[in-house]
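A short worksheet on the structure shown next.
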Amino acid sequence: MYGSSTFGSTLRVCPRSTSVILFVGLLIPYAVLRSQEHDDDQEHEHLHFSHPLVTESPSPDTKIRFDYITTRSSNATREREREIRLEGEFAFTHSVSLAVVTPYIWRKNQVTPAVSGLGSVELSLKAASLALAERGILLGGGVTTALPTGNDAKEIGSSHIVGVESFLDAAYKRNALELVGFATLSSNFRRRAGEESERNLTFDFSALYRIQSRLEGLIEATTERALIGPESGSQQTFIAPGVKIYPFTNRNLMFGASVEFGTGVVQSTRALLLSAFYHF
């Protein structure tokens with residue numbers, strides 16, 4: 001999962017993270033079976049939400065997504081960052097999907113040499129309940145694991161730390177309006193001696209309105225608070241207005257753009273997100 005604000009060895013995590021993964025792993029087969037039992041039910045049970053740009057979608061999808069993100073900061077370092085992300089998601093049923101996100105990053109500033117490299121690849125399991133679909137409500141959750149495919153020396157992802165995010169989401173759809181909210185608790189594991197534990201709590205929100213059949217407008221917000229770690233107590237909030245365009249009537253192909261504005265301690269940071277989706 002990635003609705004982020006600014007835009008080799010066997011995996012070993014602590015018992016707490018293992019419990020989370022096992023819990024979600026037990027829920028996934030149940031959700032798959034429940035969904036298969038209801039495949040022939042009424043169409044309203046197949047409630048689907050249009051994908052936000054910054055916030056993750058609550059609906060399990062089968063899609064390919066490509067993002068280009070450029071981030072600039074007007075502080076003393078004048079940092080500039082460009083990132084491309086390729087995501088592939090496969091929905092086993094209307095209730096369960098698995099996604100893989102691969103990022104590649106270029107970064108430069110006035111203090112350190114320019115660097116580039118592969119970031120931390122993410123694997124995400126997402127589940128959704130259709131129990132309240134006839135009321136336009138979708139409830140769900142899942143777990144995302146950030147693999148150690150990055151580079152510690154370049155500070156692009158990590159080559160040894162594993163990140164685990166557990167998330168819950170709720171969404172409501174009525175006519176042309178779609179509201180989506182996510183709450184995510186993230187932690188890092190497989191730390192080396194001297195490295196601090198980190199835990200962050202993030203809330204993401206998206207309001208989308210279908211202006212016409214091929215045009216949608218969005219306003220999104222994300223706020224992240226450090227609970228444990230070297231930046232404990234600090235908080236970052238971003239606001240992101242955006243637009244989505246469907247060039248064809250079948251709506252399989254979509255293009256989107258969003259501008260992210262930092263507030264408070266990150267008010268000097270701006271980001272531009274350009275996206276292309278293809279839904280199967």
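Ligands are numbered from 1 in the order shown, chains are lettered A, B, ... in the order of the structure tokens, and residues start at 1 in each chain.
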Contacts of segment 232-242 of chain A at 10 Å (only C-alpha atoms; same-chain gap of 2+ positions) as a ChimeraX atom specification: /A:4-7,52-55,198-208,216-230,244,256-267,269-274
Distance query Arg107 of chain A at most 9 Å, only C-alpha atoms, self and fewer than 3 positions along chain excluded, as number ranges by chain: A: 79-83, 113-116, 156
I need the residues from that last selection saved to file as a PDB file, in the first residue's frame (with N, CA, C and O atoms), if you can.
```pdb
ATOM      1  N   GLU A  79      16.106  20.203  -1.640  1.00  0.00           N
ATOM      2  CA  GLU A  79      16.077  18.820  -2.121  1.00  0.00           C
ATOM      3  C   GLU A  79      15.061  18.637  -3.236  1.00  0.00           C
ATOM      4  O   GLU A  79      13.959  19.189  -3.199  1.00  0.00           O
ATOM      5  N   ARG A  80      15.477  17.869  -4.259  1.00  0.00           N
ATOM      6  CA  ARG A  80      14.607  17.509  -5.380  1.00  0.00           C
ATOM      7  C   ARG A  80      14.596  15.994  -5.499  1.00  0.00           C
ATOM      8  O   ARG A  80      15.638  15.363  -5.466  1.00  0.00           O
ATOM      9  N   GLU A  81      13.421  15.429  -5.671  1.00  0.00           N
ATOM     10  CA  GLU A  81      13.307  13.973  -5.783  1.00  0.00           C
ATOM     11  C   GLU A  81      12.317  13.623  -6.882  1.00  0.00           C
ATOM     12  O   GLU A  81      11.256  14.231  -7.006  1.00  0.00           O
ATOM     13  N   ARG A  82      12.712  12.637  -7.699  1.00  0.00           N
ATOM     14  CA  ARG A  82      11.817  12.085  -8.712  1.00  0.00           C
ATOM     15  C   ARG A  82      11.663  10.592  -8.463  1.00  0.00           C
ATOM     16  O   ARG A  82      12.631   9.920  -8.106  1.00  0.00           O
ATOM     17  N   GLU A  83      10.470  10.096  -8.650  1.00  0.00           N
ATOM     18  CA  GLU A  83      10.201   8.682  -8.392  1.00  0.00           C
ATOM     19  C   GLU A  83       9.238   8.144  -9.433  1.00  0.00           C
ATOM     20  O   GLU A  83       8.257   8.803  -9.795  1.00  0.00           O
ATOM     21  N   PRO A 113      25.818  14.403  -2.638  1.00  0.00           N
ATOM     22  CA  PRO A 113      25.816  14.064  -4.069  1.00  0.00           C
ATOM     23  C   PRO A 113      24.481  13.460  -4.503  1.00  0.00           C
ATOM     24  O   PRO A 113      23.748  12.883  -3.697  1.00  0.00           O
ATOM     25  N   ALA A 114      24.180  13.602  -5.778  1.00  0.00           N
ATOM     26  CA  ALA A 114      22.966  13.016  -6.329  1.00  0.00           C
ATOM     27  C   ALA A 114      23.041  11.497  -6.268  1.00  0.00           C
ATOM     28  O   ALA A 114      24.097  10.900  -6.487  1.00  0.00           O
ATOM     29  N   VAL A 115      21.927  10.857  -5.960  1.00  0.00           N
ATOM     30  CA  VAL A 115      21.858   9.407  -5.855  1.00  0.00           C
ATOM     31  C   VAL A 115      20.616   8.907  -6.577  1.00  0.00           C
ATOM     32  O   VAL A 115      19.656   9.656  -6.810  1.00  0.00           O
ATOM     33  N   SER A 116      20.623   7.627  -6.914  1.00  0.00           N
ATOM     34  CA  SER A 116      19.450   7.004  -7.521  1.00  0.00           C
ATOM     35  C   SER A 116      19.505   5.514  -7.245  1.00  0.00           C
ATOM     36  O   SER A 116      20.582   4.953  -7.000  1.00  0.00           O
ATOM     37  N   ILE A 156      17.955   5.296   0.223  1.00  0.00           N
ATOM     38  CA  ILE A 156      16.802   5.007  -0.630  1.00  0.00           C
ATOM     39  C   ILE A 156      16.265   3.649  -0.201  1.00  0.00           C
ATOM     40  O   ILE A 156      16.878   2.607  -0.468  1.00  0.00           O
TER      41      ILE A 156
END
```
Out of segment 38-134 of chain A, which residues get helix (DSSP H, G or I) from DSSP, as a tab-separated table (two decimals) with C-alpha atoms, in the first residue's frame?
```tsv
chain	number	residue	atom	x	y	z
A	43	GLU	CA	-24.99	-6.89	-8.49
A	44	HIS	CA	-24.99	-4.39	-5.59
A	45	GLU	CA	-22.79	-6.76	-3.62
A	133	ALA	CA	-22.58	-3.25	0.14
A	134	GLU	CA	-26.29	-2.65	-0.41
```
Test item: residues at most 12 Å from Phe255 of chain A, only C-alpha atoms, excluding those fewer than 4 positions along its chain, as a PyMOL selection string: chain A and resi 51-53+65-68+214-216+242-248+251+273-279
Just to be explicit: take each residue in the selection above, keep C-alpha atoms, and write the result as a short mmCIF file (atom, residue, chain, number, x, y, z; two decimals), in the first residue's frame.
```cif
data_model
loop_
_atom_site.label_atom_id
_atom_site.label_comp_id
_atom_site.auth_asym_id
_atom_site.auth_seq_id
_atom_site.Cartn_x
_atom_site.Cartn_y
_atom_site.Cartn_z
CA HIS A 51 -9.38 4.55 -7.34
CA PRO A 52 -8.16 7.70 -5.53
CA LEU A 53 -4.71 9.03 -6.42
CA ARG A 65 -0.69 1.37 -12.38
CA PHE A 66 2.21 3.64 -13.33
CA ASP A 67 3.10 6.74 -11.25
CA TYR A 68 5.55 9.57 -11.82
CA ARG A 214 -15.29 10.79 -17.96
CA LEU A 215 -14.19 13.35 -15.38
CA GLU A 216 -13.74 13.11 -11.61
CA GLY A 242 -6.58 16.22 -8.03
CA VAL A 243 -8.43 15.26 -11.18
CA LYS A 244 -9.02 11.98 -13.08
CA ILE A 245 -9.87 11.61 -16.76
CA TYR A 246 -11.25 8.58 -18.64
CA PRO A 247 -10.47 8.90 -22.38
CA PHE A 248 -12.78 6.02 -23.36
CA ARG A 251 -13.40 3.35 -18.22
CA LEU A 273 1.76 13.08 -8.97
CA LEU A 274 0.93 11.87 -12.49
CA SER A 275 -0.78 8.47 -12.79
CA ALA A 276 -2.01 6.06 -15.42
CA PHE A 277 -4.22 3.06 -14.61
CA TYR A 278 -5.46 0.15 -16.66
CA HIS A 279 -8.16 -2.03 -15.07
#
```
DSSP-assigned strand (DSSP E) among segment 8-239 of chain A, expressed as a ChimeraX atom specification: /A:63-73,80-91,96-108,115-118,122-129,137-146,162-174,177-189,199-212,215-228,235-239
For atom CA of Pro103 of chain A and atom CA of Leu118 of chain A, the interatomic separation in Å (one decimal):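 Separating atom CA of Pro103 of chain A from atom CA of Leu118 of chain A is a distance of 6.1 Å.
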Shell of 10 Å around Arg174 of chain A, only C-alpha atoms, local chain residues under 4 positions omitted, as a ChimeraX atom specification: /A:135-137,178-179,209
Residues within 12 Å of Leu47 of chain A, only C-alpha atoms, excluding chain neighbours under 6 positions, as a list of chain:residue names: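 In the requested form, the answer reads A:Asp41, A:Pro58, A:Ser59, A:Pro60, A:Asp61, A:His94, A:Ser95, A:Ala128, A:Ser129, A:Leu130, A:Ala131, A:Leu132, A:Ala133, A:Glu134, A:Arg135, A:Gly136, A:Ile137, A:Leu138, A:Leu139, A:Ala171, A:Tyr172, A:Lys173, A:Arg174, A:Glu178.
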Shortest interatomic distance to Arg190 of chain A - which of A:Ser57, A:Gln110, A:Ser159, A:Asn250, counting only C-alpha atoms: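 Using only C-alpha atoms, Arg190 of chain A sits closest to A:Ser159.
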Coordinates-based distance that separates atom CA of Gly150 of chain A from atom CA of Val162 of chain A (Å, one decimal):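 Atom-to-atom, atom CA of Val162 of chain A to atom CA of Gly150 of chain A, that is 10.4 Å.
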Atomic separation - atom CA of Leu125 of chain A relative to atom CA of Ile105 of chain A, Å: 24.0 Å
Which of A:Ile64, A:Ala176, A:Ile69, A:Leu185 sits closest to Ala91 of chain A [using only C-alpha atoms]: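 Residue with the minimum atom-to-atom distance to Ala91 of chain A: A:Ile64.
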